[in-house]
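Structure file work-v4.txt with compact mmCIF, C-alpha atoms:
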# COMPACT_ATOMS: atom_id res chain seq x y z
CA MET A 15 -21.79 25.52 -48.37
CA ASN A 16 -18.10 26.17 -48.36
CA GLN A 17 -18.36 28.37 -51.44
CA TRP A 18 -21.21 30.30 -49.84
CA LYS A 19 -19.02 30.99 -46.82
CA ASN A 20 -16.24 32.01 -49.17
CA PHE A 21 -18.60 34.47 -50.84
CA SER A 22 -20.33 35.87 -47.76
CA LYS A 23 -17.23 36.52 -45.66
CA GLY A 24 -16.60 39.74 -47.58
CA PHE A 25 -19.81 41.32 -46.32
CA PHE A 26 -19.50 41.22 -42.55
CA ARG A 27 -16.89 38.98 -40.95
CA GLU A 28 -14.05 40.09 -43.21
CA ASN A 29 -15.48 43.25 -44.70
CA ALA A 30 -12.62 45.07 -46.39
CA VAL A 31 -13.46 48.52 -45.07
CA PHE A 32 -15.10 47.99 -41.69
CA VAL A 33 -13.07 45.05 -40.39
CA LEU A 34 -9.82 44.74 -42.35
CA PHE A 35 -9.35 48.50 -42.96
CA LEU A 36 -8.17 47.99 -46.54
CA GLY A 37 -8.77 50.39 -49.41
CA LEU A 38 -9.48 53.35 -47.18
CA CYS A 39 -8.35 56.09 -49.56
CA PRO A 40 -11.13 55.64 -52.13
CA THR A 41 -13.54 54.84 -49.29
CA LEU A 42 -13.08 58.29 -47.81
CA GLY A 43 -12.35 60.13 -51.02
CA VAL A 44 -15.31 59.33 -53.24
CA THR A 45 -18.20 58.74 -50.83
CA THR A 46 -19.64 62.24 -50.96
CA SER A 47 -22.83 60.64 -52.30
CA ALA A 48 -24.35 57.16 -52.42
CA ILE A 49 -24.12 56.90 -56.19
CA ASN A 50 -20.40 57.77 -56.25
CA GLY A 51 -19.76 55.14 -53.60
CA LEU A 52 -21.66 52.52 -55.57
CA GLY A 53 -19.88 53.40 -58.82
CA MET A 54 -16.46 53.18 -57.23
CA GLY A 55 -17.41 49.93 -55.47
CA LEU A 56 -18.53 48.28 -58.69
CA ALA A 57 -15.45 49.46 -60.61
CA THR A 58 -13.24 47.97 -57.88
CA THR A 59 -15.29 44.75 -57.89
CA PHE A 60 -14.68 44.34 -61.62
CA VAL A 61 -10.93 44.83 -61.22
CA LEU A 62 -10.85 42.51 -58.22
CA VAL A 63 -12.72 39.65 -59.93
CA MET A 64 -10.71 39.90 -63.16
CA SER A 65 -7.33 40.17 -61.44
CA ASN A 66 -8.18 37.28 -59.10
CA LEU A 67 -9.20 35.23 -62.16
CA VAL A 68 -6.00 35.94 -64.10
CA VAL A 69 -3.71 35.57 -61.10
CA SER A 70 -5.19 32.20 -60.19
CA ILE A 71 -4.75 31.00 -63.79
CA VAL A 72 -1.12 32.07 -64.21
CA LYS A 73 0.03 31.56 -60.62
CA SER A 74 2.15 28.49 -61.38
CA GLN A 75 3.98 30.32 -64.23
CA ILE A 76 5.08 33.30 -62.13
CA PRO A 77 8.43 32.99 -60.34
CA ASP A 78 8.09 33.75 -56.68
CA LYS A 79 10.53 36.66 -56.70
CA VAL A 80 8.75 38.81 -59.26
CA ARG A 81 5.31 37.89 -57.94
CA ILE A 82 4.29 41.34 -56.68
CA PRO A 83 5.35 43.32 -59.78
CA SER A 84 3.56 40.76 -61.97
CA PHE A 85 0.38 41.13 -59.94
CA ILE A 86 0.62 44.90 -60.21
CA VAL A 87 0.92 44.75 -64.00
CA ILE A 88 -2.13 42.47 -64.21
CA ILE A 89 -4.13 44.78 -61.96
CA ALA A 90 -2.98 47.91 -63.78
CA SER A 91 -4.15 46.48 -67.12
CA PHE A 92 -7.68 45.98 -65.82
CA VAL A 93 -7.69 49.41 -64.18
CA THR A 94 -6.75 50.97 -67.50
CA MET A 95 -9.68 49.12 -69.12
CA VAL A 96 -12.10 50.43 -66.48
CA GLU A 97 -10.67 53.90 -66.95
CA LEU A 98 -11.18 53.90 -70.72
CA VAL A 99 -14.65 52.31 -70.62
CA MET A 100 -15.86 54.68 -67.93
CA GLN A 101 -14.48 57.71 -69.74
CA ALA A 102 -16.38 56.65 -72.86
CA TYR A 103 -19.74 55.60 -71.40
CA LEU A 104 -20.06 57.27 -67.97
CA PRO A 105 -18.22 60.58 -68.38
CA SER A 106 -20.00 62.33 -65.49
CA LEU A 107 -19.15 59.58 -62.99
CA PHE A 108 -15.62 59.49 -64.38
CA GLU A 109 -15.30 63.21 -63.70
CA GLN A 110 -16.62 62.82 -60.13
CA LEU A 111 -14.33 59.94 -59.20
CA GLY A 112 -11.41 61.61 -60.97
CA LEU A 113 -8.03 60.68 -59.58
CA PHE A 114 -9.37 57.71 -57.65
CA ILE A 115 -9.97 55.61 -60.78
CA PRO A 116 -6.27 55.19 -61.65
CA LEU A 117 -5.62 54.82 -57.94
CA ILE A 118 -7.52 51.50 -57.88
CA VAL A 119 -4.10 50.11 -58.85
CA VAL A 120 -2.70 50.87 -55.41
CA ASN A 121 -5.86 49.86 -53.54
CA CYS A 122 -4.38 47.47 -50.99
CA LEU A 123 -7.55 45.38 -51.12
CA VAL A 124 -6.96 44.30 -54.74
CA LEU A 125 -3.28 43.44 -54.34
CA GLY A 126 -4.05 41.88 -50.96
CA ARG A 127 -6.56 39.42 -52.40
CA SER A 128 -4.22 38.49 -55.28
CA GLU A 129 -1.43 37.81 -52.83
CA ALA A 130 -3.41 36.22 -50.00
CA PHE A 131 -6.08 34.30 -51.88
CA ALA A 132 -5.83 34.00 -55.66
CA SER A 133 -2.18 32.93 -55.64
CA LYS A 134 -3.06 29.96 -53.44
CA ASN A 135 -6.50 28.83 -54.61
CA ASN A 136 -8.16 27.50 -57.76
CA VAL A 137 -9.97 29.59 -60.37
CA GLY A 138 -13.52 29.02 -59.12
CA SER A 139 -12.85 29.93 -55.49
CA SER A 140 -10.80 32.95 -56.57
CA ILE A 141 -13.64 34.38 -58.67
CA ILE A 142 -16.11 33.86 -55.81
CA ASP A 143 -13.69 35.40 -53.33
CA GLY A 144 -13.18 38.42 -55.59
CA LEU A 145 -16.92 38.82 -56.10
CA GLY A 146 -17.68 38.57 -52.38
CA MET A 147 -14.91 40.90 -51.27
CA GLY A 148 -15.70 43.36 -54.08
CA LEU A 149 -19.44 43.49 -53.39
CA GLY A 150 -18.73 43.81 -49.66
CA PHE A 151 -16.48 46.76 -50.49
CA ALA A 152 -19.19 48.25 -52.73
CA MET A 153 -21.74 47.78 -49.95
CA ALA A 154 -19.51 49.57 -47.43
CA LEU A 155 -18.94 52.46 -49.83
CA THR A 156 -22.64 52.76 -50.60
CA ILE A 157 -23.55 52.77 -46.89
CA LEU A 158 -20.94 55.42 -46.10
CA GLY A 159 -21.99 57.43 -49.16
CA SER A 160 -25.67 57.22 -48.14
CA VAL A 161 -24.96 58.32 -44.57
CA ARG A 162 -22.93 61.29 -45.76
CA GLU A 163 -25.48 62.22 -48.41
CA ILE A 164 -28.45 62.00 -46.00
CA LEU A 165 -26.73 63.99 -43.26
CA GLY A 166 -24.91 66.36 -45.55
CA SER A 167 -27.48 67.30 -48.16
CA GLY A 168 -30.73 65.63 -47.07
CA SER A 169 -31.02 63.38 -50.09
CA ILE A 170 -30.26 59.81 -51.10
CA PHE A 171 -29.17 58.61 -54.58
CA GLY A 172 -29.93 62.17 -55.68
CA PHE A 173 -33.56 62.22 -54.44
CA LYS A 174 -34.02 65.12 -52.08
CA PHE A 175 -36.35 64.47 -49.15
CA ILE A 176 -35.34 67.16 -46.66
CA GLU A 177 -35.58 70.82 -47.62
CA GLY A 178 -32.57 73.02 -46.99
CA ASP A 179 -28.87 72.35 -46.87
CA GLY A 180 -28.26 69.77 -44.15
CA MET A 181 -24.99 69.53 -42.26
CA LEU A 182 -22.49 70.52 -44.89
CA VAL A 183 -19.58 69.20 -42.84
CA PHE A 184 -20.53 65.62 -43.72
CA VAL A 185 -20.00 66.25 -47.42
CA LEU A 186 -16.63 67.84 -46.71
CA ALA A 187 -13.46 66.03 -45.64
CA PRO A 188 -13.89 65.94 -41.82
CA GLY A 189 -17.33 64.34 -42.12
CA ALA A 190 -15.85 61.40 -44.01
CA PHE A 191 -13.51 60.51 -41.16
CA ILE A 192 -16.12 60.99 -38.44
CA ALA A 193 -18.89 59.08 -40.26
CA LEU A 194 -16.57 56.15 -41.00
CA GLY A 195 -15.35 56.09 -37.39
CA TYR A 196 -18.87 55.76 -36.03
CA LEU A 197 -19.88 53.22 -38.70
CA ILE A 198 -16.95 51.01 -37.62
CA VAL A 199 -18.15 51.25 -34.01
CA LEU A 200 -21.60 50.13 -35.12
CA ILE A 201 -20.27 47.17 -37.15
CA ASN A 202 -18.01 46.17 -34.22
CA LYS A 203 -21.08 46.02 -31.99
CA ILE A 204 -23.07 43.96 -34.51
CA ASN A 205 -20.19 41.55 -35.16
CA LYS A 206 -19.69 41.03 -31.44
CA LYS A 207 -23.37 40.16 -30.94
CA THR A 208 -23.49 37.63 -33.79
CA ALA A 209 -20.12 36.07 -32.96
CA MET R 21 5.40 83.84 -55.81
CA GLU R 22 3.86 81.01 -57.80
CA TYR R 23 6.00 78.54 -55.93
CA ILE R 24 4.91 79.91 -52.57
CA ILE R 25 1.28 79.46 -53.57
CA ILE R 26 1.97 75.86 -54.65
CA ILE R 27 3.73 75.16 -51.35
CA ILE R 28 1.10 76.68 -49.05
CA SER R 29 -1.78 75.15 -50.96
CA ALA R 30 -0.20 71.68 -50.91
CA ILE R 31 0.79 71.71 -47.25
CA PHE R 32 -2.17 73.42 -45.60
CA VAL R 33 -5.17 74.10 -47.82
CA ASN R 34 -5.28 70.90 -49.87
CA ASN R 35 -3.42 68.74 -47.40
CA ILE R 36 -2.82 65.44 -49.14
CA VAL R 37 -4.06 63.31 -46.26
CA LEU R 38 -6.70 65.40 -44.56
CA ALA R 39 -8.31 67.04 -47.57
CA GLN R 40 -7.53 64.74 -50.50
CA PHE R 41 -7.61 61.37 -48.73
CA LEU R 42 -4.40 60.02 -50.23
CA GLY R 43 -2.10 57.85 -48.15
CA ILE R 44 -4.72 57.00 -45.54
CA CYS R 45 -3.36 53.47 -45.03
CA PRO R 46 0.02 54.55 -43.58
CA PHE R 47 -1.76 57.48 -41.90
CA ILE R 48 -3.88 55.08 -39.85
CA GLY R 49 -1.44 52.16 -39.89
CA VAL R 50 1.91 53.56 -38.75
CA SER R 51 0.85 56.61 -36.80
CA GLY R 52 0.94 54.87 -33.43
CA LYS R 53 4.26 56.41 -32.42
CA VAL R 54 5.93 59.71 -33.30
CA GLU R 55 9.27 58.03 -34.06
CA THR R 56 7.90 55.65 -36.68
CA SER R 57 5.95 58.46 -38.33
CA VAL R 58 9.14 60.47 -38.71
CA GLY R 59 10.79 57.46 -40.39
CA MET R 60 7.83 56.96 -42.70
CA THR R 61 7.82 60.65 -43.63
CA GLY R 62 11.49 60.47 -44.57
CA ALA R 63 10.98 57.45 -46.79
CA VAL R 64 7.90 58.89 -48.47
CA THR R 65 9.54 62.27 -49.16
CA PHE R 66 12.47 60.54 -50.78
CA VAL R 67 10.41 58.30 -53.06
CA MET R 68 7.73 60.90 -53.82
CA VAL R 69 10.16 63.53 -55.12
CA ILE R 70 12.21 61.10 -57.21
CA ALA R 71 9.08 59.37 -58.55
CA THR R 72 7.57 62.69 -59.60
CA ILE R 73 10.73 63.67 -61.49
CA VAL R 74 10.99 60.32 -63.27
CA THR R 75 7.30 60.13 -64.17
CA TYR R 76 7.40 63.75 -65.40
CA LEU R 77 10.26 62.94 -67.76
CA LEU R 78 8.57 59.73 -68.92
CA GLN R 79 5.25 61.50 -69.56
CA HIS R 80 6.79 64.33 -71.59
CA TYR R 81 9.55 62.50 -73.44
CA VAL R 82 8.10 59.04 -73.96
CA LEU R 83 4.34 58.76 -73.51
CA ILE R 84 3.25 62.01 -75.21
CA PRO R 85 5.62 61.79 -78.25
CA LEU R 86 4.57 58.18 -78.84
CA GLY R 87 0.88 59.01 -78.30
CA ILE R 88 0.36 56.30 -75.73
CA THR R 89 -0.81 58.35 -72.75
CA PHE R 90 -3.42 55.67 -71.99
CA MET R 91 -0.52 53.59 -70.69
CA GLN R 92 0.01 56.20 -67.96
CA THR R 93 -1.32 54.18 -65.03
CA ILE R 94 0.68 51.04 -65.86
CA THR R 95 3.89 52.95 -66.59
CA PHE R 96 3.72 55.10 -63.48
CA ILE R 97 3.05 52.26 -61.05
CA LEU R 98 5.86 50.19 -62.58
CA VAL R 99 8.22 53.14 -62.27
CA ILE R 100 7.28 53.61 -58.64
CA ALA R 101 7.57 49.90 -57.81
CA SER R 102 11.00 49.59 -59.41
CA LEU R 103 12.11 52.90 -57.93
CA VAL R 104 11.27 51.69 -54.45
CA GLN R 105 13.36 48.56 -55.08
CA LEU R 106 16.22 50.64 -56.48
CA VAL R 107 16.17 53.06 -53.56
CA GLU R 108 16.21 50.12 -51.20
CA ILE R 109 19.25 48.54 -52.84
CA MET R 110 21.11 51.85 -53.14
CA LEU R 111 20.47 52.88 -49.56
CA LYS R 112 21.73 49.53 -48.34
CA LYS R 113 25.10 50.21 -50.03
CA VAL R 114 25.45 53.96 -49.63
CA SER R 115 24.04 54.63 -46.21
CA PRO R 116 23.42 51.54 -44.11
CA SER R 117 22.37 53.64 -41.11
CA LEU R 118 19.63 55.41 -43.06
CA TYR R 119 18.62 52.05 -44.51
CA GLN R 120 18.29 50.68 -41.01
CA ALA R 121 16.13 53.61 -40.00
CA LEU R 122 13.83 53.50 -43.04
CA GLY R 123 14.14 49.77 -43.70
CA ILE R 124 10.70 48.41 -42.94
CA PHE R 125 8.88 51.39 -44.43
CA LEU R 126 10.36 51.25 -47.91
CA PRO R 127 8.45 48.27 -49.33
CA LEU R 128 5.21 49.69 -47.93
CA ILE R 129 5.56 52.79 -50.07
CA THR R 130 4.76 51.01 -53.35
CA THR R 131 1.14 50.71 -52.27
CA ASN R 132 1.01 54.20 -50.76
CA CYS R 133 -1.45 55.91 -53.06
CA ALA R 134 -0.05 59.33 -52.14
CA VAL R 135 3.04 58.66 -54.28
CA LEU R 136 1.12 57.64 -57.41
CA GLY R 137 -1.49 60.30 -56.68
CA VAL R 138 1.05 63.14 -56.56
CA ALA R 139 2.76 61.90 -59.73
CA ILE R 140 -0.56 61.87 -61.60
CA LEU R 141 -1.71 65.20 -60.13
CA ALA R 142 1.53 66.92 -61.15
CA VAL R 143 0.97 65.76 -64.73
CA GLN R 144 -2.73 66.68 -64.69
CA LYS R 145 -1.99 70.19 -63.43
CA ASP R 146 0.47 70.76 -66.29
CA TYR R 147 3.33 71.77 -64.04
CA ASN R 148 6.80 72.15 -65.51
CA LEU R 149 9.69 70.17 -64.06
CA LEU R 150 10.64 72.65 -61.33
CA GLU R 151 7.02 73.19 -60.33
CA SER R 152 6.52 69.43 -60.17
CA VAL R 153 9.49 69.05 -57.83
CA VAL R 154 8.22 71.85 -55.59
CA PHE R 155 4.72 70.36 -55.65
CA ALA R 156 6.00 66.89 -54.71
CA THR R 157 8.20 68.22 -51.91
CA ALA R 158 5.40 70.33 -50.47
CA ASN R 159 3.00 67.40 -50.57
CA ALA R 160 5.53 65.20 -48.81
CA ILE R 161 5.90 67.85 -46.11
CA GLY R 162 2.10 68.05 -45.82
CA PHE R 163 1.94 64.26 -45.48
CA GLY R 164 4.61 64.35 -42.79
CA LEU R 165 2.94 67.20 -40.94
CA ALA R 166 -0.42 65.41 -40.78
CA LEU R 167 1.21 62.09 -39.86
CA ILE R 168 3.35 63.49 -37.05
CA ILE R 169 0.60 65.66 -35.52
CA PHE R 170 -1.71 62.67 -35.63
CA ALA R 171 0.87 60.35 -34.06
CA GLY R 172 1.28 62.83 -31.22
CA LEU R 173 -2.47 62.86 -30.67
CA ARG R 174 -2.68 59.08 -30.73
CA GLU R 175 0.09 58.67 -28.18
CA HIS R 176 -2.08 60.68 -25.80
CA LEU R 177 -5.25 58.81 -26.78
CA ASP R 178 -3.70 55.57 -25.52
CA MET R 179 -3.87 56.86 -21.99
CA VAL R 180 -7.46 58.10 -22.09
CA ASN R 181 -10.47 56.18 -20.94
CA ILE R 182 -12.73 55.61 -23.97
CA PRO R 183 -15.68 53.27 -24.63
CA LYS R 184 -14.56 49.74 -25.47
CA ALA R 185 -16.17 49.61 -28.91
CA MET R 186 -14.36 52.81 -29.93
CA LYS R 187 -10.86 51.71 -28.95
CA GLY R 188 -8.23 51.60 -31.67
CA VAL R 189 -9.20 52.50 -35.20
CA PRO R 190 -12.68 54.06 -34.67
CA ILE R 191 -11.43 56.70 -32.24
CA ALA R 192 -8.50 57.32 -34.58
CA PHE R 193 -10.94 58.14 -37.38
CA VAL R 194 -12.98 60.51 -35.22
CA THR R 195 -9.75 62.24 -34.13
CA ALA R 196 -8.64 62.48 -37.76
CA GLY R 197 -12.01 64.09 -38.52
CA LEU R 198 -11.43 66.76 -35.89
CA LEU R 199 -7.91 67.32 -37.22
CA ALA R 200 -9.32 67.70 -40.73
CA LEU R 201 -11.82 70.20 -39.34
CA ALA R 202 -8.93 72.19 -37.89
CA PHE R 203 -7.11 72.13 -41.24
CA MET R 204 -10.24 73.47 -42.94
CA GLY R 205 -9.48 76.71 -41.14
CA PHE R 206 -6.69 77.22 -43.68
CA ALA R 207 -9.20 77.34 -46.55
CA GLY R 208 -9.21 80.74 -48.20
CA LEU R 209 -5.54 81.24 -47.44
CA VAL R 210 -4.67 80.90 -51.10

In structure tokens, write the structure found in this file.
Amino acid sequence: MNQWKNFSKGFFRENAVFVLFLGLCPTLGVTTSAINGLGMGLATTFVLVMSNLVVSIVKSQIPDKVRIPSFIVIIASFVTMVELVMQAYLPSLFEQLGLFIPLIVVNCLVLGRSEAFASKNNVGSSIIDGLGMGLGFAMALTILGSVREILGSGSIFGFKFIEGDGMLVFVLAPGAFIALGYLIVLINKINKKTA
Amino acid sequence: MEYIIIIISAIFVNNIVLAQFLGICPFIGVSGKVETSVGMTGAVTFVMVIATIVTYLLQHYVLIPLGITFMQTITFILVIASLVQLVEIMLKKVSPSLYQALGIFLPLITTNCAVLGVAILAVQKDYNLLESVVFATANAIGFGLALIIFAGLREHLDMVNIPKAMKGVPIAFVTAGLLALAFMGFAGLV
């Protein structure tokens, strides 16, 4: 029960994007389509789970003063792995996400979970926390990507169902801010009702 | 001429915050007041320019000759993290008043993706050292411009009557969207 709560908090109550406002740069930057959002979300989930795992294992060995730099090195190693694997096996997605792949390193969500959760809890809980937060992040990115893709180009996951161009502004930069703003309003409403 | 194009494109056309979505966290987080945004801009400009110079030198004199460019991400973030620490220590000694003013913003800069983003972009675009410096400075100005305009808007937003569910961050995002729309008017300038 407790572990389930630990896992599910990342989706609504403590959703990284909609509630905690963490990791906003990739959220806005890559969600021009649903598939990009999903890809970025899953890449971040992998980094989050692995860094949570390693941090929770080595937490007692790390002196308190060099804690943050150590976490960053751990995170950066996994980001480099994702970068190389993606470049080799998913070159088109790698091209689309571009700069935002190396920038997972400075995603405040990843460092935030290492610092706030993994450095204080055991290995099992840390993995579950990473998985829940990561999938919640992926979900948020996919929703935002879908909204922008539907409104902007009349398609979802690349399947076109409305003829014509759609509202181009939603694929461009301003649409990202406006769509996310209204999505947060919606989630606020839902959270208030269930609370 | 080339430098002017780099400057205009970095400040207006490809504004780092409003068009490239880098440094959104401080953009939303510390833009409540104009004063704090000015402080943040100062700190970011400082670190961004120095970080770009150091990472440029590292990339061209260490990583490329040794053939270990895949270590780029790790090296750059470590450089930035230690640079932020160094700047903090130096400022404390050299100019306590500036340290007081920038104090709380300095540690935040390590996780500001704009700094790492600009360092990587400058390398990707194959700029030489002088071009990199110009590029970093222009991006820092662009960051400051967006941040300060936005802080001014938000100070006014505090006094307006808006729906309860939209208070705070949601309305900030919608405002940022409109600001980004305005900046799109600069497209085609370069």

* Asked: Leaving out stretch 41-45 of chain R and any residue of its chain fewer than 3 positions from it, which residues lie within 8 Å of it when counting all atoms listed in the file, given as a VMD selection string?
  -> (chain A and resid 36 to 40 42 to 43) or (chain R and resid 36 to 38 48 to 49 132 to 134 137)

* To do: Go through A:Ile86, A:Met54, A:Val69, A:Val99 one by one, measure the shortest atom-to-atom distance of each to chain R using all atoms listed in the file, and give the residue with the smallest value.
  =>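 Of A:Ile86, A:Met54, A:Val69, A:Val99, the one nearest chain R, counting all atoms listed in the file, is A:Ile86.
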
At most 10 Å is the cut-off: for each residue in chain A with any atom that close to an atom of chain R, write down the nearest atom pair and the distance in Å rounded to one decimal, counting only C-alpha atoms, chain first then increasing number, as a Markdown table.
| residue | atom | partner | partner_atom | distance |
| --- | --- | --- | --- | --- |
| A:Phe32 | CA | R:Pro190 | CA | 9.6 |
| A:Val33 | CA | R:Val189 | CA | 9.9 |
| A:Phe35 | CA | R:Cys45 | CA | 8.1 |
| A:Leu36 | CA | R:Cys45 | CA | 7.4 |
| A:Gly37 | CA | R:Cys45 | CA | 7.6 |
| A:Leu38 | CA | R:Ile44 | CA | 6.2 |
| A:Cys39 | CA | R:Phe41 | CA | 5.4 |
| A:Pro40 | CA | R:Phe41 | CA | 7.5 |
| A:Thr41 | CA | R:Phe41 | CA | 8.8 |
| A:Leu42 | CA | R:Phe41 | CA | 6.3 |
| A:Gly43 | CA | R:Phe41 | CA | 5.4 |
| A:Val44 | CA | R:Phe41 | CA | 9.2 |
| A:Ile82 | CA | R:Ala101 | CA | 9.2 |
| A:Pro83 | CA | R:Ala101 | CA | 7.2 |
| A:Ser84 | CA | R:Leu98 | CA | 9.7 |
| A:Ile86 | CA | R:Ile97 | CA | 7.8 |
| A:Val87 | CA | R:Ile94 | CA | 6.6 |
| A:Ile88 | CA | R:Ile94 | CA | 9.2 |
| A:Ile89 | CA | R:Ile94 | CA | 8.8 |
| A:Ala90 | CA | R:Ile94 | CA | 5.2 |
| A:Ser91 | CA | R:Ile94 | CA | 6.8 |
| A:Phe92 | CA | R:Ile94 | CA | 9.8 |
| A:Val93 | CA | R:Thr93 | CA | 8.0 |
| A:Thr94 | CA | R:Thr93 | CA | 6.8 |
| A:Met95 | CA | R:Phe90 | CA | 9.5 |
| A:Glu97 | CA | R:Phe90 | CA | 9.0 |
| A:Leu98 | CA | R:Phe90 | CA | 8.1 |
| A:Leu113 | CA | R:Gly137 | CA | 7.2 |
| A:Phe114 | CA | R:Gly137 | CA | 8.4 |
| A:Ile115 | CA | R:Thr93 | CA | 9.7 |
| A:Pro116 | CA | R:Thr93 | CA | 6.1 |
| A:Leu117 | CA | R:Cys133 | CA | 6.5 |
| A:Ile118 | CA | R:Cys133 | CA | 8.9 |
| A:Val119 | CA | R:Ile97 | CA | 7.8 |
| A:Val120 | CA | R:Thr131 | CA | 5.0 |
| A:Asn121 | CA | R:Thr131 | CA | 7.2 |
| A:Cys122 | CA | R:Thr131 | CA | 6.5 |
| A:Leu125 | CA | R:Thr131 | CA | 8.8 |
| A:Val183 | CA | R:Leu201 | CA | 8.6 |
| A:Leu186 | CA | R:Ala39 | CA | 8.4 |
| A:Ala187 | CA | R:Ala39 | CA | 5.6 |
| A:Pro188 | CA | R:Gly197 | CA | 4.2 |
| A:Gly189 | CA | R:Gly197 | CA | 6.4 |
| A:Ala190 | CA | R:Gly197 | CA | 7.2 |
| A:Phe191 | CA | R:Gly197 | CA | 4.7 |
| A:Ile192 | CA | R:Val194 | CA | 4.5 |
| A:Ala193 | CA | R:Val194 | CA | 7.9 |
| A:Leu194 | CA | R:Phe193 | CA | 7.0 |
| A:Gly195 | CA | R:Pro190 | CA | 4.3 |
| A:Tyr196 | CA | R:Pro190 | CA | 6.6 |
| A:Leu197 | CA | R:Pro190 | CA | 8.3 |
| A:Ile198 | CA | R:Pro190 | CA | 6.0 |
| A:Val199 | CA | R:Ala185 | CA | 5.7 |
| A:Leu200 | CA | R:Ala185 | CA | 8.3 |
| A:Ile201 | CA | R:Ala185 | CA | 9.5 |
| A:Asn202 | CA | R:Ala185 | CA | 6.6 |
| A:Lys203 | CA | R:Ala185 | CA | 6.8 |
| A:Lys206 | CA | R:Ala185 | CA | 9.6 |

With C-alpha atoms retained, export the selected residues as an mmCIF file, in the frame of the given file.
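To be explicit, this is the file written out as result39.cif:
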data_model
loop_
_atom_site.group_PDB
_atom_site.id
_atom_site.type_symbol
_atom_site.label_atom_id
_atom_site.label_comp_id
_atom_site.auth_asym_id
_atom_site.auth_seq_id
_atom_site.Cartn_x
_atom_site.Cartn_y
_atom_site.Cartn_z
ATOM 1 C CA PHE A 32 -15.100 47.990 -41.690
ATOM 2 C CA VAL A 33 -13.070 45.050 -40.390
ATOM 3 C CA PHE A 35 -9.350 48.500 -42.960
ATOM 4 C CA LEU A 36 -8.170 47.990 -46.540
ATOM 5 C CA GLY A 37 -8.770 50.390 -49.410
ATOM 6 C CA LEU A 38 -9.480 53.350 -47.180
ATOM 7 C CA CYS A 39 -8.350 56.090 -49.560
ATOM 8 C CA PRO A 40 -11.130 55.640 -52.130
ATOM 9 C CA THR A 41 -13.540 54.840 -49.290
ATOM 10 C CA LEU A 42 -13.080 58.290 -47.810
ATOM 11 C CA GLY A 43 -12.350 60.130 -51.020
ATOM 12 C CA VAL A 44 -15.310 59.330 -53.240
ATOM 13 C CA ILE A 82 4.290 41.340 -56.680
ATOM 14 C CA PRO A 83 5.350 43.320 -59.780
ATOM 15 C CA SER A 84 3.560 40.760 -61.970
ATOM 16 C CA ILE A 86 0.620 44.900 -60.210
ATOM 17 C CA VAL A 87 0.920 44.750 -64.000
ATOM 18 C CA ILE A 88 -2.130 42.470 -64.210
ATOM 19 C CA ILE A 89 -4.130 44.780 -61.960
ATOM 20 C CA ALA A 90 -2.980 47.910 -63.780
ATOM 21 C CA SER A 91 -4.150 46.480 -67.120
ATOM 22 C CA PHE A 92 -7.680 45.980 -65.820
ATOM 23 C CA VAL A 93 -7.690 49.410 -64.180
ATOM 24 C CA THR A 94 -6.750 50.970 -67.500
ATOM 25 C CA MET A 95 -9.680 49.120 -69.120
ATOM 26 C CA GLU A 97 -10.670 53.900 -66.950
ATOM 27 C CA LEU A 98 -11.180 53.900 -70.720
ATOM 28 C CA LEU A 113 -8.030 60.680 -59.580
ATOM 29 C CA PHE A 114 -9.370 57.710 -57.650
ATOM 30 C CA ILE A 115 -9.970 55.610 -60.780
ATOM 31 C CA PRO A 116 -6.270 55.190 -61.650
ATOM 32 C CA LEU A 117 -5.620 54.820 -57.940
ATOM 33 C CA ILE A 118 -7.520 51.500 -57.880
ATOM 34 C CA VAL A 119 -4.100 50.110 -58.850
ATOM 35 C CA VAL A 120 -2.700 50.870 -55.410
ATOM 36 C CA ASN A 121 -5.860 49.860 -53.540
ATOM 37 C CA CYS A 122 -4.380 47.470 -50.990
ATOM 38 C CA LEU A 125 -3.280 43.440 -54.340
ATOM 39 C CA VAL A 183 -19.580 69.200 -42.840
ATOM 40 C CA LEU A 186 -16.630 67.840 -46.710
ATOM 41 C CA ALA A 187 -13.460 66.030 -45.640
ATOM 42 C CA PRO A 188 -13.890 65.940 -41.820
ATOM 43 C CA GLY A 189 -17.330 64.340 -42.120
ATOM 44 C CA ALA A 190 -15.850 61.400 -44.010
ATOM 45 C CA PHE A 191 -13.510 60.510 -41.160
ATOM 46 C CA ILE A 192 -16.120 60.990 -38.440
ATOM 47 C CA ALA A 193 -18.890 59.080 -40.260
ATOM 48 C CA LEU A 194 -16.570 56.150 -41.000
ATOM 49 C CA GLY A 195 -15.350 56.090 -37.390
ATOM 50 C CA TYR A 196 -18.870 55.760 -36.030
ATOM 51 C CA LEU A 197 -19.880 53.220 -38.700
ATOM 52 C CA ILE A 198 -16.950 51.010 -37.620
ATOM 53 C CA VAL A 199 -18.150 51.250 -34.010
ATOM 54 C CA LEU A 200 -21.600 50.130 -35.120
ATOM 55 C CA ILE A 201 -20.270 47.170 -37.150
ATOM 56 C CA ASN A 202 -18.010 46.170 -34.220
ATOM 57 C CA LYS A 203 -21.080 46.020 -31.990
ATOM 58 C CA LYS A 206 -19.690 41.030 -31.440
#

* **Sel. within 12 Å of pt (-10.6, 38.0, -57.2), counting only C-alpha atoms, output as a VMD selection string** => chain A and resid 20 to 21 24 58 to 71 85 88 to 89 123 to 149

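The two atoms in question, atom CA of R:Ala166 and atom CA of R:Ile70, are spaced 21.2 Å apart.
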
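Interatomic distance, atom CA of A:Gly51 to atom CA of R:Asn35: 22.1 Å.
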
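A straight line drawn from atom CA of R:Val153 to atom CA of R:Ile25 is 13.9 Å long.
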
* Distance query stretch 168-177 of chain R at most 6 Å, all atoms listed in the file, self and fewer than 3 positions along chain excluded, as number ranges by chain -> R: 51-54, 57, 164-165, 180
